[in-house]
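Undergrad: One file is attached below, structure_22.tsv, containing TSV, C-alpha atoms.
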chain	number	residue	atom	x	y	z
A	1	MET	CA	230.54	-42.78	109.13
A	2	PRO	CA	228.11	-42.84	112.09
A	3	ARG	CA	226.16	-46.03	112.48
A	4	THR	CA	222.46	-46.16	111.84
A	5	ARG	CA	219.72	-48.42	113.18
A	6	PRO	CA	219.02	-51.60	111.13
A	7	SER	CA	215.48	-50.48	110.30
A	8	CYS	CA	216.84	-47.20	108.94
A	9	ARG	CA	219.36	-49.06	106.78
A	10	LEU	CA	216.61	-51.24	105.33
A	11	LEU	CA	214.39	-48.27	104.57
A	12	LEU	CA	217.27	-46.47	102.94
A	13	ALA	CA	217.95	-49.56	100.87
A	14	ALA	CA	214.41	-49.23	99.55
A	15	LEU	CA	215.13	-45.60	98.77
A	16	VAL	CA	218.19	-46.58	96.74
A	17	VAL	CA	216.06	-49.13	94.89
A	18	PHE	CA	213.50	-46.68	93.59
A	19	THR	CA	215.97	-43.89	92.90
A	20	ALA	CA	217.98	-46.33	90.79
A	21	LEU	CA	215.26	-46.82	88.19
A	22	PRO	CA	214.92	-44.14	85.51
A	23	ALA	CA	211.60	-44.68	83.81
A	24	VAL	CA	209.23	-46.76	85.89
A	25	ARG	CA	206.29	-44.45	85.33
A	26	ALA	CA	206.82	-44.49	81.60
A	27	GLN	CA	206.96	-48.28	81.62
A	28	GLY	CA	203.77	-48.49	83.67
A	29	ALA	CA	201.73	-46.06	81.55
A	30	GLY	CA	198.51	-47.68	80.47
A	31	ALA	CA	199.24	-50.89	82.36
A	32	PRO	CA	196.38	-52.60	84.25
A	33	ALA	CA	196.00	-51.36	87.81
A	34	LEU	CA	196.97	-53.51	90.78
A	35	VAL	CA	199.49	-55.38	88.68
A	36	ASN	CA	203.16	-55.36	89.56
A	37	GLN	CA	205.32	-54.10	86.71
A	38	PRO	CA	208.49	-56.10	85.92
A	39	LEU	CA	211.06	-55.64	88.67
A	40	GLU	CA	214.20	-57.57	89.52
A	41	ALA	CA	213.64	-59.99	92.40
A	42	PRO	CA	216.29	-58.47	94.72
A	43	ARG	CA	214.63	-55.05	94.49
A	44	ARG	CA	211.20	-56.49	95.25
A	45	GLU	CA	212.70	-58.37	98.19
A	46	LEU	CA	214.21	-55.14	99.52
A	47	LEU	CA	210.81	-53.47	99.47
A	48	GLN	CA	209.29	-56.39	101.37
A	49	LEU	CA	212.20	-56.44	103.80
A	50	ALA	CA	211.88	-52.71	104.44
A	51	PHE	CA	208.17	-53.08	105.21
A	52	ALA	CA	208.85	-56.05	107.50
A	53	ALA	CA	211.51	-54.06	109.33
A	54	VAL	CA	209.29	-51.11	110.19
A	55	SER	CA	206.35	-53.40	110.93
A	56	ALA	CA	208.50	-55.11	113.58
A	57	MET	CA	208.54	-51.87	115.58
A	58	PRO	CA	206.21	-52.17	118.61
A	59	THR	CA	203.17	-49.94	118.37
A	60	ASN	CA	203.78	-48.81	121.92
A	61	PRO	CA	205.49	-46.35	121.92
A	62	HIS	CA	206.37	-46.29	118.20
A	63	ALA	CA	202.95	-46.31	116.50
A	64	LYS	CA	203.51	-43.04	114.60
A	65	ASN	CA	207.00	-43.89	113.35
A	66	ARG	CA	205.88	-47.41	112.48
A	67	SER	CA	203.00	-46.30	110.25
A	68	ARG	CA	205.04	-43.43	108.78
A	69	GLY	CA	207.73	-45.90	107.73
A	70	GLN	CA	205.13	-48.28	106.31
A	71	GLU	CA	203.66	-45.44	104.25
A	72	ALA	CA	207.14	-44.62	102.90
A	73	VAL	CA	207.54	-48.19	101.62
A	74	VAL	CA	204.10	-48.10	99.96
A	75	ALA	CA	205.13	-44.84	98.26
A	76	ALA	CA	208.30	-46.56	97.01
A	77	CYS	CA	206.17	-49.38	95.61
A	78	LEU	CA	204.13	-46.87	93.62
A	79	GLN	CA	207.32	-45.24	92.32
A	80	LEU	CA	208.31	-48.66	91.02
A	81	GLY	CA	204.91	-49.49	89.52
A	82	GLN	CA	204.29	-52.23	92.09
A	83	CYS	CA	200.56	-51.54	92.43
A	84	LYS	CA	199.51	-54.96	93.69
A	85	LEU	CA	202.27	-55.01	96.30
A	86	ALA	CA	201.43	-51.44	97.33
A	87	HIS	CA	197.81	-52.46	97.91
A	88	GLU	CA	198.76	-55.53	99.91
A	89	LEU	CA	201.10	-53.53	102.14
A	90	ALA	CA	198.71	-50.60	102.54
A	91	LEU	CA	196.06	-52.90	103.98
A	92	ARG	CA	198.50	-53.90	106.71
A	93	ILE	CA	198.83	-50.35	108.05
A	94	ASP	CA	196.84	-49.98	111.26
A	95	ASP	CA	195.96	-46.31	111.39
A	96	TRP	CA	194.71	-43.44	109.21
A	97	ARG	CA	197.76	-43.66	106.95
A	98	ARG	CA	196.15	-46.72	105.38
A	99	GLY	CA	193.57	-44.32	103.92
A	100	VAL	CA	196.31	-42.04	102.59
A	101	CYS	CA	198.03	-44.96	100.87
A	102	LEU	CA	194.80	-46.26	99.35
A	103	ALA	CA	193.94	-42.81	98.01
A	104	ASP	CA	197.47	-42.41	96.63
A	105	LEU	CA	197.09	-45.78	94.90
A	106	ALA	CA	193.77	-44.64	93.43
A	107	VAL	CA	195.41	-41.49	92.03
A	108	HIS	CA	198.20	-43.64	90.60
A	109	CYS	CA	195.63	-45.86	88.86
A	110	ILE	CA	193.89	-42.85	87.32
A	111	GLU	CA	197.19	-41.39	86.12
A	112	HIS	CA	198.05	-44.70	84.47
A	113	GLY	CA	194.79	-45.16	82.59
A	114	ALA	CA	192.82	-47.39	84.96
A	115	PRO	CA	190.12	-45.15	86.48
A	116	ALA	CA	187.69	-48.02	87.06
A	117	ALA	CA	190.18	-49.71	89.37
A	118	ALA	CA	190.49	-46.46	91.36
A	119	LEU	CA	186.84	-46.32	92.40
A	120	PRO	CA	186.85	-49.15	94.98
A	121	LEU	CA	190.11	-47.80	96.39
A	122	LEU	CA	188.53	-44.37	96.80
A	123	GLU	CA	185.59	-45.98	98.60
A	124	GLN	CA	187.97	-47.74	101.01
A	125	ALA	CA	189.77	-44.45	101.61
A	126	ARG	CA	186.45	-42.66	102.16
A	127	ARG	CA	185.42	-45.09	104.88
A	128	ILE	CA	188.68	-44.47	106.72
A	129	ALA	CA	188.38	-40.69	106.35
A	130	ASP	CA	184.84	-40.83	107.76
A	131	THR	CA	185.76	-43.04	110.72
A	132	PRO	CA	185.96	-41.05	113.98
A	133	GLU	CA	189.17	-41.50	115.92
A	134	THR	CA	189.61	-41.63	119.68
A	135	ASP	CA	191.59	-38.39	119.45
A	136	PRO	CA	190.48	-36.95	116.09
A	137	GLN	CA	192.70	-34.42	114.36
A	138	ALA	CA	191.32	-32.64	111.32
A	139	TRP	CA	194.54	-32.70	109.34
A	140	ARG	CA	194.67	-36.50	109.38
A	141	ARG	CA	191.24	-36.84	107.82
A	142	ASP	CA	191.97	-33.93	105.50
A	143	ARG	CA	195.14	-35.57	104.21
A	144	ILE	CA	192.95	-38.40	102.92
A	145	ARG	CA	190.18	-36.07	101.75
A	146	ALA	CA	192.61	-33.94	99.72
A	147	ARG	CA	193.80	-37.02	97.85
A	148	ILE	CA	190.25	-38.17	97.20
A	149	ALA	CA	189.45	-34.68	95.86
A	150	ALA	CA	192.56	-34.80	93.65
A	151	ALA	CA	191.43	-38.16	92.28
A	152	HIS	CA	187.99	-36.80	91.42
A	153	LEU	CA	189.60	-33.76	89.80
A	154	GLN	CA	191.43	-36.09	87.43
A	155	LEU	CA	188.24	-38.11	86.90
A	156	GLY	CA	186.41	-34.92	85.95
A	157	THR	CA	183.70	-35.28	88.62
A	158	ALA	CA	183.56	-31.62	89.65
A	159	ASP	CA	180.76	-32.05	92.19
A	160	GLN	CA	182.81	-34.63	94.09
A	161	VAL	CA	185.86	-32.37	94.03
A	162	LYS	CA	183.83	-29.60	95.64
A	163	THR	CA	182.43	-31.97	98.26
A	164	TRP	CA	185.74	-33.50	99.26
A	165	ALA	CA	187.71	-30.24	99.15
A	166	ALA	CA	185.28	-28.38	101.40
A	167	GLY	CA	186.84	-27.34	104.69
A	168	ILE	CA	190.24	-28.96	104.19
A	169	VAL	CA	192.84	-27.31	106.43
A	170	GLU	CA	195.36	-25.25	104.49
A	171	SER	CA	198.31	-27.43	105.44
A	172	GLU	CA	196.81	-30.37	103.51
A	173	LEU	CA	195.87	-28.62	100.27
A	174	ALA	CA	199.21	-29.14	98.49
A	175	VAL	CA	198.19	-32.44	96.87
A	176	LEU	CA	194.99	-30.94	95.48
A	177	ASP	CA	196.80	-27.79	94.37
A	178	ALA	CA	199.36	-29.90	92.51
A	179	ALA	CA	196.57	-31.79	90.74
A	180	ARG	CA	195.04	-28.48	89.67
A	181	ALA	CA	198.45	-27.24	88.51
A	182	ARG	CA	198.72	-30.19	86.14
A	183	GLN	CA	195.62	-29.01	84.30
A	184	ILE	CA	196.69	-25.47	83.38
A	185	THR	CA	197.60	-24.63	79.79
A	186	ALA	CA	200.52	-22.64	78.41
A	187	ALA	CA	198.19	-19.66	77.98
A	188	ASP	CA	197.46	-19.74	81.72
A	189	LEU	CA	201.08	-19.89	82.84
A	190	ALA	CA	201.91	-16.16	82.94
A	191	ALA	CA	198.91	-15.37	85.13
A	192	GLN	CA	199.65	-18.35	87.35
A	193	LEU	CA	203.24	-17.19	87.84
A	194	GLU	CA	202.04	-13.73	88.85
A	195	HIS	CA	199.76	-15.33	91.42
A	196	CYS	CA	202.61	-17.56	92.58
A	197	ASP	CA	204.87	-14.53	93.09
A	198	ALA	CA	202.18	-12.79	95.13
A	199	VAL	CA	201.78	-15.85	97.33
A	200	ILE	CA	205.53	-16.09	97.89
A	201	ALA	CA	205.74	-12.38	98.71
A	202	ALA	CA	202.95	-12.75	101.31
A	203	GLY	CA	205.07	-15.38	103.05
A	204	ASN	CA	202.41	-17.75	104.40
A	205	PHE	CA	204.39	-20.95	104.85
A	206	GLU	CA	201.76	-23.46	103.72
A	207	ALA	CA	200.76	-21.32	100.73
A	208	VAL	CA	204.39	-20.83	99.72
A	209	CYS	CA	205.02	-24.59	99.82
A	210	SER	CA	201.97	-25.14	97.64
A	211	ALA	CA	203.03	-22.42	95.18
A	212	LEU	CA	206.56	-23.78	94.82
A	213	GLY	CA	205.17	-27.30	94.48
A	214	ALA	CA	203.09	-26.02	91.58
A	215	CYS	CA	206.26	-24.59	90.03
A	216	VAL	CA	207.79	-28.07	90.12
A	217	VAL	CA	204.71	-29.46	88.34
A	218	TRP	CA	204.88	-26.72	85.70
A	219	PHE	CA	208.63	-27.26	85.26
A	220	ASP	CA	207.74	-30.73	84.00
A	221	ARG	CA	204.57	-29.77	82.14
A	222	PHE	CA	206.24	-26.97	80.16
A	223	TYR	CA	209.75	-28.38	79.97
A	224	THR	CA	210.09	-27.83	76.24
A	225	ASP	CA	209.53	-24.08	76.73
A	226	GLN	CA	213.06	-23.04	77.66
A	227	ALA	CA	212.10	-19.54	78.85
A	228	ALA	CA	209.28	-20.83	81.05
A	229	ARG	CA	211.49	-23.60	82.38
A	230	ALA	CA	214.18	-21.10	83.40
A	231	LYS	CA	211.66	-18.91	85.23
A	232	LEU	CA	210.26	-21.86	87.13
A	233	GLU	CA	213.68	-23.20	88.06
A	234	THR	CA	214.72	-19.77	89.35
A	235	ARG	CA	211.65	-19.54	91.56
A	236	VAL	CA	212.25	-22.94	93.12
A	237	LEU	CA	215.93	-22.20	93.72
A	238	THR	CA	215.72	-18.64	95.00
A	239	ALA	CA	212.19	-17.41	95.65
A	240	TYR	CA	211.88	-18.22	99.35
A	241	ASP	CA	215.04	-18.55	101.45
A	242	LYS	CA	213.06	-19.24	104.63
A	243	LEU	CA	211.91	-22.61	103.35
A	244	PRO	CA	213.50	-25.41	105.43
A	245	ILE	CA	216.52	-26.98	103.76
A	246	ALA	CA	214.91	-30.43	103.58
A	247	LEU	CA	211.94	-29.09	101.64
A	248	ARG	CA	214.18	-27.08	99.31
A	249	LEU	CA	216.39	-30.13	98.76
A	250	ASP	CA	213.42	-32.26	97.83
A	251	MET	CA	212.11	-29.69	95.34
A	252	VAL	CA	215.51	-29.20	93.69
A	253	LEU	CA	215.96	-32.95	93.38
A	254	GLN	CA	212.49	-33.24	91.87
A	255	LEU	CA	213.60	-30.74	89.22
A	256	ALA	CA	216.73	-32.81	88.60
A	257	GLU	CA	214.67	-36.01	88.28
A	258	ILE	CA	212.38	-34.29	85.77
A	259	ALA	CA	215.36	-33.08	83.71
A	260	LEU	CA	216.83	-36.57	83.68
A	261	ARG	CA	213.52	-38.12	82.67
A	262	ARG	CA	213.38	-35.58	79.85
A	263	GLY	CA	216.79	-36.73	78.61
A	264	ASP	CA	218.56	-33.56	79.77
A	265	ALA	CA	221.45	-35.01	81.78
A	266	PRO	CA	223.50	-31.76	81.87
A	267	ALA	CA	220.60	-29.88	83.48
A	268	ALA	CA	220.04	-32.75	85.91
A	269	MET	CA	223.69	-32.69	86.97
A	270	ARG	CA	223.65	-28.91	87.35
A	271	LEU	CA	220.64	-29.21	89.64
A	272	ARG	CA	222.32	-32.04	91.51
A	273	VAL	CA	225.20	-29.68	92.33
A	274	GLN	CA	222.68	-27.15	93.65
A	275	ALA	CA	221.23	-29.86	95.86
A	276	GLN	CA	224.69	-30.78	97.14
A	277	HIS	CA	225.29	-27.15	98.13
A	278	LEU	CA	222.04	-27.16	100.08
A	279	LEU	CA	222.93	-30.43	101.81
A	280	ALA	CA	226.29	-28.98	102.86
A	281	ARG	CA	224.51	-26.14	104.66
A	282	VAL	CA	222.73	-28.32	107.21
A	283	THR	CA	223.73	-30.81	109.91
A	284	LEU	CA	221.55	-33.92	109.92
A	285	LEU	CA	221.23	-37.19	111.76
A	286	ALA	CA	223.20	-39.97	110.10
A	287	GLU	CA	220.15	-41.79	108.75
A	288	GLU	CA	218.77	-38.57	107.26
A	289	GLU	CA	222.01	-37.58	105.58
A	290	ILE	CA	222.54	-41.07	104.17
A	291	ALA	CA	219.07	-40.94	102.64
A	292	TRP	CA	219.85	-37.67	100.83
A	293	ARG	CA	223.27	-38.92	99.73
A	294	ALA	CA	221.71	-42.11	98.38
A	295	ARG	CA	219.23	-40.08	96.37
A	296	LEU	CA	221.99	-37.87	94.97
A	297	ALA	CA	224.13	-40.89	94.10
A	298	GLY	CA	221.23	-42.62	92.37
A	299	LEU	CA	220.58	-39.52	90.30
A	300	ARG	CA	224.24	-39.33	89.31
A	301	ALA	CA	224.33	-42.98	88.32
A	302	ARG	CA	221.30	-42.66	86.08
A	303	ALA	CA	222.91	-39.67	84.39
A	304	GLY	CA	225.78	-41.93	83.36
A	305	GLU	CA	228.36	-41.00	86.01
A	306	THR	CA	228.43	-44.51	87.41
A	307	ALA	CA	231.94	-44.53	88.86
A	308	ALA	CA	231.47	-41.20	90.62
A	309	ALA	CA	228.09	-42.34	91.92
A	310	ARG	CA	229.67	-45.43	93.46
A	311	VAL	CA	232.24	-43.24	95.21
A	312	ASP	CA	229.40	-41.04	96.50
Would you give me this structure, written as structure tokens?
TA:
Amino acid sequence: MPRTRPSCRLLLAALVVFTALPAVRAQGAGAPALVNQPLEAPRRELLQLAFAAVSAMPTNPHAKNRSRGQEAVVAACLQLGQCKLAHELALRIDDWRRGVCLADLAVHCIEHGAPAAALPLLEQARRIADTPETDPQAWRRDRIRARIAAAHLQLGTADQVKTWAAGIVESELAVLDAARARQITAADLAAQLEHCDAVIAAGNFEAVCSALGACVVWFDRFYTDQAARAKLETRVLTAYDKLPIALRLDMVLQLAEIALRRGDAPAAMRLRVQAQHLLARVTLLAEEEIAWRARLAGLRARAGETAAARVD
């Protein structure tokens, strides 16, 4: 197997950590915000080691990759319910991605029943979004703004949603669209699917990504409706062949994770096979392929196929 850089190996170790835990969100539901949920010491150490590894990258010329890697570790912390650690690490990010991480943490707090703890985080994110940069790019600010709007949508503060969503570039609307998708009812689903099909047929890349992301959300929300679940799965798997393989892989694996969380291991393994077929269709750098293979192996292990997962 091709060798990878040490920092990549450490980041991928963190990926294996959070893909190896089946029900962190369920365990963290209703827990106080900014508290680390129980986690074995070696896994916590891997998260800290991964952050230290990317933070050791010199900002010149690696500032973008450095902060992108730091953000990935913060995201892994949230997956594992490590809110306090996520906050500590987010504050050590130098650029605009600190605002993204703080807003993501605020959304996480709201989703887990601690809206009061989200408010100061949203204020910190707001200050970063409103800070002019030497070379300002709208999408960077809008990535933070979209998350702040999504947080206010969940808080039910409609006026704030309107304020923060105003003028966001289309490429950054997916987070807000996903938050809206979580609020639809079963009675709304048929009309939403018709709209989704129209968006996919039009072929605007950003809009298609948002529509398929909504299908993933609805796949979870309406999982007990077998007919609706089948329609949503079909759309994610087949509706838009032009979608890059990496994006399709991620969506299919999200469906598999949802099925596994719902106790439907056969469906999860069937979707895992679909993901393997997609992975076989593309040639990737070693560190990228290892990351996908680690995610597939973790999924297989949690479905009970431990020996096969170790071989993978």
Undergrad: When you look at stretch 110-126 of chain A with a cut-off of 12 Å (counting only C-alpha atoms), what residues show up, excluding the ones that are within fewer than 4 positions of it in the same chain? I need them as a PyMOL selection string.
TA: chain A and resi 24-35+78+81+83-84+86-87+90-91+95-106+130-132+141-157+160+164+179+182
Undergrad: Using atom CA of A:Gln276 and atom CA of A:Val252 as the two end points, give the distance in Å to one decimal.
TA: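 Atom CA of A:Gln276 sits 9.9 Å away from atom CA of A:Val252.
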Undergrad: Using only C-alpha atoms, determine which residues lie at most 7 Å from stretch 207-222 of chain A, disregarding the query and same-chain residues fewer than 4 positions distant; provide the list as JSON, numbers by chain.
TA: {"A": [174, 177, 178, 181, 182, 196, 199, 200, 203, 228, 229, 232, 236, 251, 255, 258]}
Undergrad: Pick from A:Leu247, A:Ala201, A:Leu47, A:Met57: nearest to A:Leu80, with only C-alpha atoms counted?
TA: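 Once distances to A:Leu80 are computed over only C-alpha atoms, the minimum belongs to A:Leu47.
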Undergrad: Atom CA of A:His277 and atom CA of A:Arg68, how far apart in Å?
TA: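 Separation of atom CA of A:Arg68 and atom CA of A:His277: 28.1 Å.
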Undergrad: Quick one, how far is atom CA of A:Asp312 from atom CA of A:Glu287?
TA: 15.4 Å
Undergrad: Counting only C-alpha atoms, which of A:Gln79, A:Thr238, A:Thr185, A:Thr306 gets nearest to A:Leu278?
TA: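 So, comparing all the options, the nearest one is A:Thr238.
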Undergrad: Because some atoms of stretch 139-152 of chain A are absent here, can you restore N, CA, C and O atoms and send them as a CSV table (one decimal), in the coordinates of the input?
TA:
chain,number,residue,atom,x,y,z
A,139,TRP,N,193.6,-32.6,110.4
A,139,TRP,CA,194.5,-32.7,109.3
A,139,TRP,C,194.7,-34.1,108.9
A,139,TRP,O,195.0,-34.4,107.7
A,140,ARG,N,194.5,-35.1,109.8
A,140,ARG,CA,194.7,-36.5,109.4
A,140,ARG,C,193.6,-36.9,108.4
A,140,ARG,O,193.8,-37.5,107.4
A,141,ARG,N,192.3,-36.6,108.7
A,141,ARG,CA,191.2,-36.8,107.8
A,141,ARG,C,191.4,-36.0,106.5
A,141,ARG,O,191.1,-36.5,105.4
A,142,ASP,N,191.8,-34.8,106.7
A,142,ASP,CA,192.0,-33.9,105.5
A,142,ASP,C,193.1,-34.4,104.6
A,142,ASP,O,193.0,-34.1,103.4
A,143,ARG,N,194.1,-35.0,105.1
A,143,ARG,CA,195.1,-35.6,104.2
A,143,ARG,C,194.6,-36.6,103.3
A,143,ARG,O,194.9,-36.7,102.1
A,144,ILE,N,193.6,-37.4,103.8
A,144,ILE,CA,193.0,-38.4,102.9
A,144,ILE,C,192.0,-37.7,102.0
A,144,ILE,O,191.9,-38.0,100.8
A,145,ARG,N,191.2,-36.8,102.5
A,145,ARG,CA,190.2,-36.1,101.8
A,145,ARG,C,190.8,-35.3,100.6
A,145,ARG,O,190.2,-35.3,99.5
A,146,ALA,N,192.0,-34.7,100.8
A,146,ALA,CA,192.6,-33.9,99.7
A,146,ALA,C,193.0,-34.9,98.6
A,146,ALA,O,192.9,-34.5,97.4
A,147,ARG,N,193.4,-36.1,98.9
A,147,ARG,CA,193.8,-37.0,97.8
A,147,ARG,C,192.6,-37.5,97.1
A,147,ARG,O,192.6,-37.8,95.9
A,148,ILE,N,191.5,-37.7,97.8
A,148,ILE,CA,190.2,-38.2,97.2
A,148,ILE,C,189.8,-37.1,96.3
A,148,ILE,O,189.3,-37.3,95.1
A,149,ALA,N,189.8,-35.8,96.7
A,149,ALA,CA,189.4,-34.7,95.9
A,149,ALA,C,190.3,-34.6,94.6
A,149,ALA,O,189.8,-34.4,93.5
A,150,ALA,N,191.6,-34.8,94.8
A,150,ALA,CA,192.6,-34.8,93.6
A,150,ALA,C,192.2,-35.9,92.6
A,150,ALA,O,192.3,-35.7,91.4
A,151,ALA,N,191.8,-37.1,93.2
A,151,ALA,CA,191.4,-38.2,92.3
A,151,ALA,C,190.2,-37.8,91.5
A,151,ALA,O,190.1,-38.0,90.3
A,152,HIS,N,189.2,-37.2,92.1
A,152,HIS,CA,188.0,-36.8,91.4
A,152,HIS,C,188.3,-35.7,90.4
A,152,HIS,O,187.6,-35.6,89.4
